[in-house]
>>> print(open('target-v7.pdb').read())   # PDB, C-alpha atoms
ATOM      1  CA  MET A   1     164.912 131.780 154.930
ATOM      2  CA  GLY A   2     164.378 128.508 153.034
ATOM      3  CA  PHE A   3     162.011 128.047 150.085
ATOM      4  CA  GLN A   4     159.762 125.057 149.343
ATOM      5  CA  ILE A   5     157.868 124.313 146.136
ATOM      6  CA  SER A   6     154.036 124.004 145.854
ATOM      7  CA  GLY A   7     152.581 121.258 147.995
ATOM      8  CA  SER A   8     154.264 122.597 151.080
ATOM      9  CA  SER A   9     152.448 123.002 154.363
ATOM     10  CA  GLN A  10     152.132 126.759 153.747
ATOM     11  CA  THR A  11     150.304 126.131 150.462
ATOM     12  CA  LEU A  12     147.977 123.547 152.030
ATOM     13  CA  THR A  13     147.264 125.856 154.950
ATOM     14  CA  ALA A  14     146.443 128.719 152.626
ATOM     15  CA  GLN A  15     144.208 126.487 150.505
ATOM     16  CA  ARG A  16     142.384 125.198 153.563
ATOM     17  CA  ALA A  17     141.838 128.720 154.890
ATOM     18  CA  LEU A  18     140.515 129.794 151.497
ATOM     19  CA  GLU A  19     138.099 126.837 151.339
ATOM     20  CA  GLN A  20     136.813 127.475 154.871
ATOM     21  CA  THR A  21     136.334 131.164 154.221
ATOM     22  CA  THR A  22     134.570 130.483 150.917
ATOM     23  CA  ALA A  23     132.249 128.008 152.671
ATOM     24  CA  ARG A  24     131.411 130.598 155.319
ATOM     25  CA  ILE A  25     130.734 133.178 152.602
ATOM     26  CA  ASN A  26     128.399 130.754 150.844
ATOM     27  CA  THR A  27     126.571 130.111 154.109
ATOM     28  CA  THR A  28     126.245 133.825 154.823
ATOM     29  CA  MET A  29     125.027 134.556 151.289
ATOM     30  CA  GLU A  30     122.445 131.781 151.623
ATOM     31  CA  ARG A  31     121.195 133.303 154.867
ATOM     32  CA  ILE A  32     120.946 136.735 153.275
ATOM     33  CA  ALA A  33     119.135 135.332 150.242
ATOM     34  CA  THR A  34     116.634 133.288 152.298
ATOM     35  CA  ARG A  35     116.556 135.670 155.283
ATOM     36  CA  ARG A  36     116.867 132.577 157.441
ATOM     37  CA  LYS A  37     119.763 131.443 159.571
ATOM     38  CA  LEU A  38     118.420 127.889 159.755
ATOM     39  CA  ASN A  39     118.272 126.461 156.249
ATOM     40  CA  SER A  40     119.303 122.896 157.063
ATOM     41  CA  ALA A  41     120.055 120.686 160.038
ATOM     42  CA  ALA A  42     123.745 121.403 159.509
ATOM     43  CA  ASP A  43     123.194 125.010 160.586
ATOM     44  CA  ASN A  44     121.956 124.008 164.061
ATOM     45  CA  ALA A  45     120.257 120.635 164.423
ATOM     46  CA  ALA A  46     118.848 121.296 167.901
ATOM     47  CA  ASN A  47     117.416 124.701 167.026
ATOM     48  CA  LEU A  48     115.977 123.347 163.783
ATOM     49  CA  ALA A  49     114.098 120.657 165.712
ATOM     50  CA  ILE A  50     112.741 123.251 168.142
ATOM     51  CA  ALA A  51     111.821 125.609 165.296
ATOM     52  CA  SER A  52     110.014 122.827 163.436
ATOM     53  CA  LYS A  53     107.924 122.064 166.517
ATOM     54  CA  MET A  54     107.160 125.754 166.961
ATOM     55  CA  ALA A  55     106.106 125.998 163.316
ATOM     56  CA  ALA A  56     103.706 123.089 163.846
ATOM     57  CA  ASP A  57     102.367 124.756 167.003
ATOM     58  CA  LEU A  58     101.817 127.983 165.074
ATOM     59  CA  ARG A  59      99.761 126.163 162.457
ATOM     60  CA  ALA A  60      97.735 124.460 165.178
ATOM     61  CA  LEU A  61      97.104 127.781 166.944
ATOM     62  CA  SER A  62      95.982 129.356 163.667
ATOM     63  CA  ALA A  63      93.588 126.462 163.061
ATOM     64  CA  ALA A  64      92.214 126.760 166.600
ATOM     65  CA  GLU A  65      91.667 130.490 166.096
ATOM     66  CA  HIS A  66      89.827 129.741 162.853
ATOM     67  CA  ASN A  67      87.649 127.241 164.730
ATOM     68  CA  ALA A  68      86.849 129.781 167.426
ATOM     69  CA  ASN A  69      85.874 132.416 164.872
ATOM     70  CA  ALA A  70      83.659 129.854 163.160
ATOM     71  CA  GLY A  71      82.082 129.167 166.542
ATOM     72  CA  ILE A  72      81.241 132.841 166.946
ATOM     73  CA  SER A  73      79.671 132.853 163.484
ATOM     74  CA  LEU A  74      77.606 129.800 164.454
ATOM     75  CA  ILE A  75      76.404 131.515 167.616
ATOM     76  CA  GLN A  76      75.582 134.726 165.791
ATOM     77  CA  THR A  77      73.547 132.769 163.235
ATOM     78  CA  ALA A  78      71.572 131.005 165.950
ATOM     79  CA  GLU A  79      71.161 134.124 168.075
ATOM     80  CA  GLY A  80      69.999 136.182 165.107
ATOM     81  CA  ALA A  81      67.298 133.630 164.277
ATOM     82  CA  MET A  82      66.220 133.529 167.911
ATOM     83  CA  GLY A  83      65.986 137.305 167.884
ATOM     84  CA  ASN A  84      63.501 137.012 165.033
ATOM     85  CA  ILE A  85      61.545 134.401 167.007
ATOM     86  CA  GLY A  86      61.535 136.781 169.954
ATOM     87  CA  GLY A  87      60.012 139.480 167.757
ATOM     88  CA  ILE A  88      57.339 137.040 166.606
ATOM     89  CA  LEU A  89      56.529 136.128 170.205
ATOM     90  CA  ALA A  90      56.124 139.807 171.027
ATOM     91  CA  ARG A  91      53.612 140.163 168.193
ATOM     92  CA  GLN A  92      51.783 137.030 169.325
ATOM     93  CA  GLN A  93      51.557 138.418 172.834
ATOM     94  CA  GLU A  94      50.007 141.561 171.408
ATOM     95  CA  LEU A  95      47.460 139.507 169.472
ATOM     96  CA  ALA A  96      46.622 137.379 172.511
ATOM     97  CA  VAL A  97      46.042 140.459 174.654
ATOM     98  CA  GLN A  98      43.687 141.848 172.004
ATOM     99  CA  ALA A  99      41.849 138.532 171.709
ATOM    100  CA  ALA A 100      41.426 138.312 175.491
ATOM    101  CA  ASN A 101      39.275 141.452 175.427
ATOM    102  CA  GLY A 102      35.632 140.576 176.128
ATOM    103  CA  GLY A 103      34.400 143.246 173.745
ATOM    104  CA  LEU A 104      35.526 141.327 170.621
ATOM    105  CA  SER A 105      33.295 139.133 168.505
ATOM    106  CA  ASP A 106      34.103 135.568 167.463
ATOM    107  CA  SER A 107      34.894 136.759 163.965
ATOM    108  CA  ASP A 108      37.332 139.323 165.376
ATOM    109  CA  ARG A 109      39.117 136.627 167.368
ATOM    110  CA  ALA A 110      39.147 134.328 164.350
ATOM    111  CA  ALA A 111      40.937 137.000 162.345
ATOM    112  CA  LEU A 112      43.448 137.516 165.141
ATOM    113  CA  ASP A 113      43.939 133.760 165.485
ATOM    114  CA  GLN A 114      44.611 133.455 161.762
ATOM    115  CA  GLU A 115      47.631 135.730 162.101
ATOM    116  CA  PHE A 116      48.584 134.016 165.353
ATOM    117  CA  GLN A 117      48.721 130.579 163.689
ATOM    118  CA  ALA A 118      50.635 131.988 160.711
ATOM    119  CA  LEU A 119      53.233 133.313 163.149
ATOM    120  CA  ASN A 120      53.424 129.895 164.791
ATOM    121  CA  ALA A 121      54.129 128.425 161.359
ATOM    122  CA  GLU A 122      56.896 130.992 160.844
ATOM    123  CA  ILE A 123      58.491 130.047 164.174
ATOM    124  CA  ASP A 124      58.538 126.417 163.048
ATOM    125  CA  ARG A 125      59.988 127.394 159.670
ATOM    126  CA  ILE A 126      62.791 129.397 161.276
ATOM    127  CA  SER A 127      63.487 126.567 163.703
ATOM    128  CA  ALA A 128      63.672 123.999 160.901
ATOM    129  CA  THR A 129      65.780 125.989 158.433
ATOM    130  CA  THR A 130      68.320 127.779 160.630
ATOM    131  CA  THR A 131      71.635 126.038 159.988
ATOM    132  CA  TYR A 132      75.337 126.804 159.955
ATOM    133  CA  ASN A 133      77.454 124.951 157.395
ATOM    134  CA  GLY A 134      74.701 122.344 157.187
ATOM    135  CA  GLN A 135      74.464 121.920 160.955
ATOM    136  CA  PRO A 136      70.940 122.402 162.423
ATOM    137  CA  LEU A 137      70.927 125.035 165.134
ATOM    138  CA  LEU A 138      67.324 125.367 166.344
ATOM    139  CA  SER A 139      65.492 122.247 165.129
ATOM    140  CA  ALA A 140      64.876 118.929 166.855
ATOM    141  CA  ASP A 141      68.092 117.686 165.208
ATOM    142  CA  ALA A 142      70.208 120.381 166.862
ATOM    143  CA  SER A 143      73.008 119.077 169.084
ATOM    144  CA  ASN A 144      75.683 120.747 171.141
ATOM    145  CA  ALA A 145      78.599 122.152 169.134
ATOM    146  CA  ASN A 146      81.995 121.138 170.531
ATOM    147  CA  LEU A 147      84.538 123.681 169.370
ATOM    148  CA  GLN A 148      88.260 122.842 169.246
ATOM    149  CA  VAL A 149      89.743 126.145 170.424
ATOM    150  CA  GLY A 150      93.131 124.887 171.612
ATOM    151  CA  SER A 151      96.092 123.099 170.086
ATOM    152  CA  GLY A 152      95.863 120.169 172.492
ATOM    153  CA  SER A 153      93.487 117.257 173.022
ATOM    154  CA  SER A 154      92.395 117.878 176.603
ATOM    155  CA  ALA A 155      88.970 119.048 177.744
ATOM    156  CA  ASP A 156      90.463 122.497 178.340
ATOM    157  CA  ASP A 157      91.030 122.814 174.587
ATOM    158  CA  MET A 158      87.301 122.481 173.885
ATOM    159  CA  ILE A 159      84.360 124.838 174.366
ATOM    160  CA  THR A 160      80.859 123.404 174.138
ATOM    161  CA  VAL A 161      78.052 125.590 172.777
ATOM    162  CA  SER A 162      74.638 124.430 173.922
ATOM    163  CA  LEU A 163      72.010 124.472 171.162
ATOM    164  CA  GLN A 164      68.294 124.023 171.850
ATOM    165  CA  GLU A 165      65.244 123.449 169.724
ATOM    166  CA  MET A 166      63.114 126.562 169.249
ATOM    167  CA  SER A 167      60.040 125.117 167.532
ATOM    168  CA  THR A 168      56.505 125.875 168.760
ATOM    169  CA  SER A 169      56.428 122.375 170.202
ATOM    170  CA  SER A 170      59.550 122.926 172.311
ATOM    171  CA  LEU A 171      58.327 126.398 173.299
ATOM    172  CA  GLY A 172      54.909 125.096 174.362
ATOM    173  CA  LEU A 173      52.986 126.969 171.680
ATOM    174  CA  SER A 174      51.910 124.145 169.366
ATOM    175  CA  GLY A 175      48.421 124.008 170.889
ATOM    176  CA  ALA A 176      48.021 127.716 171.498
ATOM    177  CA  ASP A 177      44.751 129.192 170.201
ATOM    178  CA  ILE A 178      43.310 132.686 170.554
ATOM    179  CA  SER A 179      40.017 132.086 168.777
ATOM    180  CA  THR A 180      38.274 132.216 172.158
ATOM    181  CA  GLN A 181      38.680 134.520 175.132
ATOM    182  CA  ALA A 182      39.770 131.667 177.394
ATOM    183  CA  GLY A 183      42.191 130.407 174.772
ATOM    184  CA  ALA A 184      43.670 133.876 174.415
ATOM    185  CA  GLN A 185      44.211 134.124 178.163
ATOM    186  CA  ASN A 186      45.960 130.748 178.202
ATOM    187  CA  ALA A 187      48.044 131.760 175.192
ATOM    188  CA  MET A 188      49.278 134.830 177.031
ATOM    189  CA  GLU A 189      50.814 132.588 179.709
ATOM    190  CA  GLN A 190      52.224 130.198 177.108
ATOM    191  CA  ILE A 191      53.819 133.045 175.156
ATOM    192  CA  THR A 192      55.334 134.504 178.316
ATOM    193  CA  ALA A 193      56.954 131.146 179.128
ATOM    194  CA  ALA A 194      58.147 130.765 175.512
ATOM    195  CA  ALA A 195      59.660 134.245 175.515
ATOM    196  CA  GLU A 196      61.485 133.506 178.766
ATOM    197  CA  ALA A 197      62.873 130.264 177.302
ATOM    198  CA  ASN A 198      63.952 132.116 174.179
ATOM    199  CA  TYR A 199      65.621 134.849 176.208
ATOM    200  CA  ALA A 200      67.388 132.337 178.485
ATOM    201  CA  GLN A 201      68.864 130.529 175.484
ATOM    202  CA  ARG A 202      69.963 133.775 173.878
ATOM    203  CA  THR A 203      71.639 134.760 177.133
ATOM    204  CA  ALA A 204      73.456 131.414 177.253
ATOM    205  CA  LEU A 205      74.637 131.873 173.667
ATOM    206  CA  GLY A 206      75.840 135.389 174.478
ATOM    207  CA  ALA A 207      77.854 134.041 177.403
ATOM    208  CA  SER A 208      79.392 131.373 175.132
ATOM    209  CA  GLN A 209      80.279 134.015 172.550
ATOM    210  CA  ASN A 210      82.033 136.125 175.180
ATOM    211  CA  ARG A 211      83.953 133.074 176.354
ATOM    212  CA  ILE A 212      85.021 132.215 172.817
ATOM    213  CA  SER A 213      86.090 135.833 172.253
ATOM    214  CA  GLY A 214      88.327 135.494 175.299
ATOM    215  CA  ALA A 215      89.753 132.268 173.883
ATOM    216  CA  ILE A 216      90.489 134.023 170.590
ATOM    217  CA  SER A 217      92.370 136.797 172.391
ATOM    218  CA  ASN A 218      94.438 134.190 174.222
ATOM    219  CA  LEU A 219      95.127 132.293 170.994
ATOM    220  CA  GLN A 220      96.233 135.490 169.272
ATOM    221  CA  GLU A 221      98.588 136.328 172.145
ATOM    222  CA  SER A 222     100.021 132.802 172.108
ATOM    223  CA  ARG A 223     100.466 132.945 168.344
ATOM    224  CA  ILE A 224     102.307 136.280 168.595
ATOM    225  CA  ASN A 225     104.646 134.903 171.265
ATOM    226  CA  HIS A 226     105.254 131.661 169.358
ATOM    227  CA  SER A 227     105.899 133.605 166.176
ATOM    228  CA  ALA A 228     108.421 135.852 167.922
ATOM    229  CA  SER A 229     110.235 132.857 169.422
ATOM    230  CA  HIS A 230     110.227 131.066 166.071
ATOM    231  CA  SER A 231     111.600 134.169 164.373
ATOM    232  CA  ARG A 232     114.457 134.447 166.845
ATOM    233  CA  LEU A 233     115.428 130.870 166.051
ATOM    234  CA  VAL A 234     115.200 130.867 162.264
ATOM    235  CA  ASP A 235     115.284 134.424 160.940
ATOM    236  CA  ALA A 236     118.630 135.905 160.019
ATOM    237  CA  ASP A 237     119.853 139.186 161.463
ATOM    238  CA  MET A 238     120.361 140.926 158.137
ATOM    239  CA  ALA A 239     122.642 143.625 159.529
ATOM    240  CA  GLN A 240     124.811 141.055 161.251
ATOM    241  CA  GLU A 241     124.921 138.787 158.202
ATOM    242  CA  ALA A 242     125.867 141.706 155.945
ATOM    243  CA  SER A 243     128.686 142.577 158.338
ATOM    244  CA  ASN A 244     129.783 138.923 158.417
ATOM    245  CA  LEU A 245     129.825 138.830 154.621
ATOM    246  CA  ILE A 246     132.143 141.828 154.417
ATOM    247  CA  HIS A 247     134.373 140.325 157.097
ATOM    248  CA  GLN A 248     134.563 136.943 155.345
ATOM    249  CA  GLN A 249     135.212 138.558 151.968
ATOM    250  CA  ILE A 250     138.199 140.393 153.472
ATOM    251  CA  LEU A 251     139.496 137.099 154.868
ATOM    252  CA  GLN A 252     138.916 135.461 151.485
ATOM    253  CA  LYS A 253     141.006 138.103 149.740
ATOM    254  CA  ALA A 254     143.719 137.640 152.352
ATOM    255  CA  SER A 255     143.667 133.857 151.831
ATOM    256  CA  VAL A 256     143.909 134.314 148.055
ATOM    257  CA  ALA A 257     146.841 136.671 148.549
ATOM    258  CA  MET A 258     148.607 134.186 150.840
ATOM    259  CA  LEU A 259     148.006 131.357 148.384
ATOM    260  CA  ALA A 260     149.421 133.490 145.619
ATOM    261  CA  GLN A 261     152.442 134.243 147.792
ATOM    262  CA  THR A 262     153.132 130.558 148.431
ATOM    263  CA  ASN A 263     152.866 129.894 144.688
ATOM    264  CA  GLN A 264     155.259 132.766 144.053
ATOM    265  CA  ASN A 265     157.720 131.188 146.477
ATOM    266  CA  SER A 266     157.505 128.009 144.420
ATOM    267  CA  GLN A 267     158.235 129.964 141.252
ATOM    268  CA  ILE A 268     161.256 131.546 142.902
ATOM    269  CA  VAL A 269     162.611 128.091 143.805
ATOM    270  CA  LEU A 270     162.091 126.871 140.240
ATOM    271  CA  ALA A 271     163.855 129.943 138.888
ATOM    272  CA  LEU A 272     166.852 129.291 141.127
ATOM    273  CA  LEU A 273     167.026 125.717 139.825
ATOM    274  CA  ASN A 274     167.185 126.866 136.167
TER     275      ASN A 274
END
>>> encode(input="target-v7.pdb", output="structure tokens")
Amino acid sequence: MGFQISGSSQTLTAQRALEQTTARINTTMERIATRRKLNSAADNAANLAIASKMAADLRALSAAEHNANAGISLIQTAEGAMGNIGGILARQQELAVQAANGGLSDSDRAALDQEFQALNAEIDRISATTTYNGQPLLSADASNANLQVGSGSSADDMITVSLQEMSTSSLGLSGADISTQAGAQNAMEQITAAAEANYAQRTALGASQNRISGAISNLQESRINHSASHSRLVDADMAQEASNLIHQQILQKASVAMLAQTNQNSQIVLALLN
């Protein structure tokens, strides 16, 4: 067998193998340290592009879910205030029925009407002051709330919550008066109509809340699926990477041994020349 000094093809081959193995070890150690198998475009450019888009989609889905939850809070705020108005209407109906009784005196009806008008004022106060994040919900300034509950820009990514004014004017109670028997009888009809309008709006809000709850469930399912797909693309299999590290370390030791052997061959040649 012939001998060649350092710089031979065997030495270069051993050095190249050592460098490649060391590079793979560094890559594996990086994956173990970061728990990610995609740390740069060099790892897998195509998968990194897909993973980046998925990450953006995940953020958008999370934002849409936040919007939907905020929408439910808005509805609950409005519906709670309308529940209070409904209770006031029930009390006003009771007062009107009492005032419609022919056995009462004018002073009796005046006392009942005083409470009746105070309750009207409370309805107007609730209507004017019920807001969510500064947005009027029951006043004349209330407008429909368009909720972005999807990650896209189409109409299917929006849910509109209808908001209506609940003042005495909008409910037909602004002129109600129970200071007379005739007025009390008229007020009974007005209150019945107002209560029906209040109930219809509360029903509509309840339907919107149920729809938004369904949208939240769908968003959560989509986010889980996107997260799982994203994880499969970017997260490292720690068991596999640990096994790869051991394998590459064995190859590294073998490459070091082969490089040492080629250097030893060179030393043998030099010794023969002396």
>>> resolve_selection(input="target-v7.pdb", expression="the PyMOL selection byres ((chain A and resi 100) around 6)", output="count of residues only")
7
>>> resolve_selection(input="target-v7.pdb", expression="the PyMOL selection byres ((chain A and resi 201) around 12)", output="MDAnalysis selection string")
chainID A and resid 75 78:83 85:86 137:138 161:166 171 194:200 202:208
>>> resolve_selection(input="target-v7.pdb", expression="the PyMOL selection byres ((chain A and resi 168) around 9)", output="PyMOL selection string")
chain A and resi 120-121+123-124+127+166-167+169-175+194
>>> atom_distance(input="target-v7.pdb", atom1="CA of Ala96 in chain A", atom2="CA of Ala193 in chain A")
13.8 Å
>>> closest_residue(input="target-v7.pdb", among="A:Ser179, A:Asn69, A:Thr77, A:Gln93", to="Ser217 in chain A", atoms="all atoms listed in the file")
A:Asn69
>>> atom_distance(input="target-v7.pdb", atom1="CA of Ser213 in chain A", atom2="CA of Gln76 in chain A")
12.4 Å
>>> residues_around(input="target-v7.pdb", residues="Ala55 in chain A", least_positions_apart="5", cutoff="12 Å", atoms="all atoms listed in the file", output="CSV table (one decimal) with C-alpha atoms, in the coordinates of the input")
chain,number,residue,atom,x,y,z
A,47,ASN,CA,117.4,124.7,167.0
A,48,LEU,CA,116.0,123.3,163.8
A,49,ALA,CA,114.1,120.7,165.7
A,50,ILE,CA,112.7,123.3,168.1
A,60,ALA,CA,97.7,124.5,165.2
A,61,LEU,CA,97.1,127.8,166.9
A,62,SER,CA,96.0,129.4,163.7
A,223,ARG,CA,100.5,132.9,168.3
A,226,HIS,CA,105.3,131.7,169.4
A,227,SER,CA,105.9,133.6,166.2
A,228,ALA,CA,108.4,135.9,167.9
A,229,SER,CA,110.2,132.9,169.4
A,230,HIS,CA,110.2,131.1,166.1
A,231,SER,CA,111.6,134.2,164.4
A,233,LEU,CA,115.4,130.9,166.1
A,234,VAL,CA,115.2,130.9,162.3
>>> atom_distance(input="target-v7.pdb", atom1="CA of Gly214 in chain A", atom2="CA of Leu74 in chain A")
16.3 Å
>>> closest_residue(input="target-v7.pdb", among="A:Asp108, A:Asp177, A:Glu65, A:Glu122", to="Leu147 in chain A", atoms="only C-alpha atoms")
A:Glu65
>>> axis_aligned_box(input="target-v7.pdb", around="range 157-162 of chain A", padding_each_side="5 Å", output="AutoDock Vina command-line options")
--center_x 82.8 --center_y 124.0 --center_z 173.7 --size_x 26.4 --size_y 13.1 --size_z 11.8
>>> closest_residue(input="target-v7.pdb", among="A:Ile88, A:Gln248, A:Ile159, A:Arg232", to="Arg36 in chain A", atoms="only C-alpha atoms")
A:Arg232
>>> closest_residue(input="target-v7.pdb", among="A:Thr131, A:Ser52, A:Asn218, A:Ser73", to="Gly150 in chain A", atoms="only C-alpha atoms")
A:Asn218
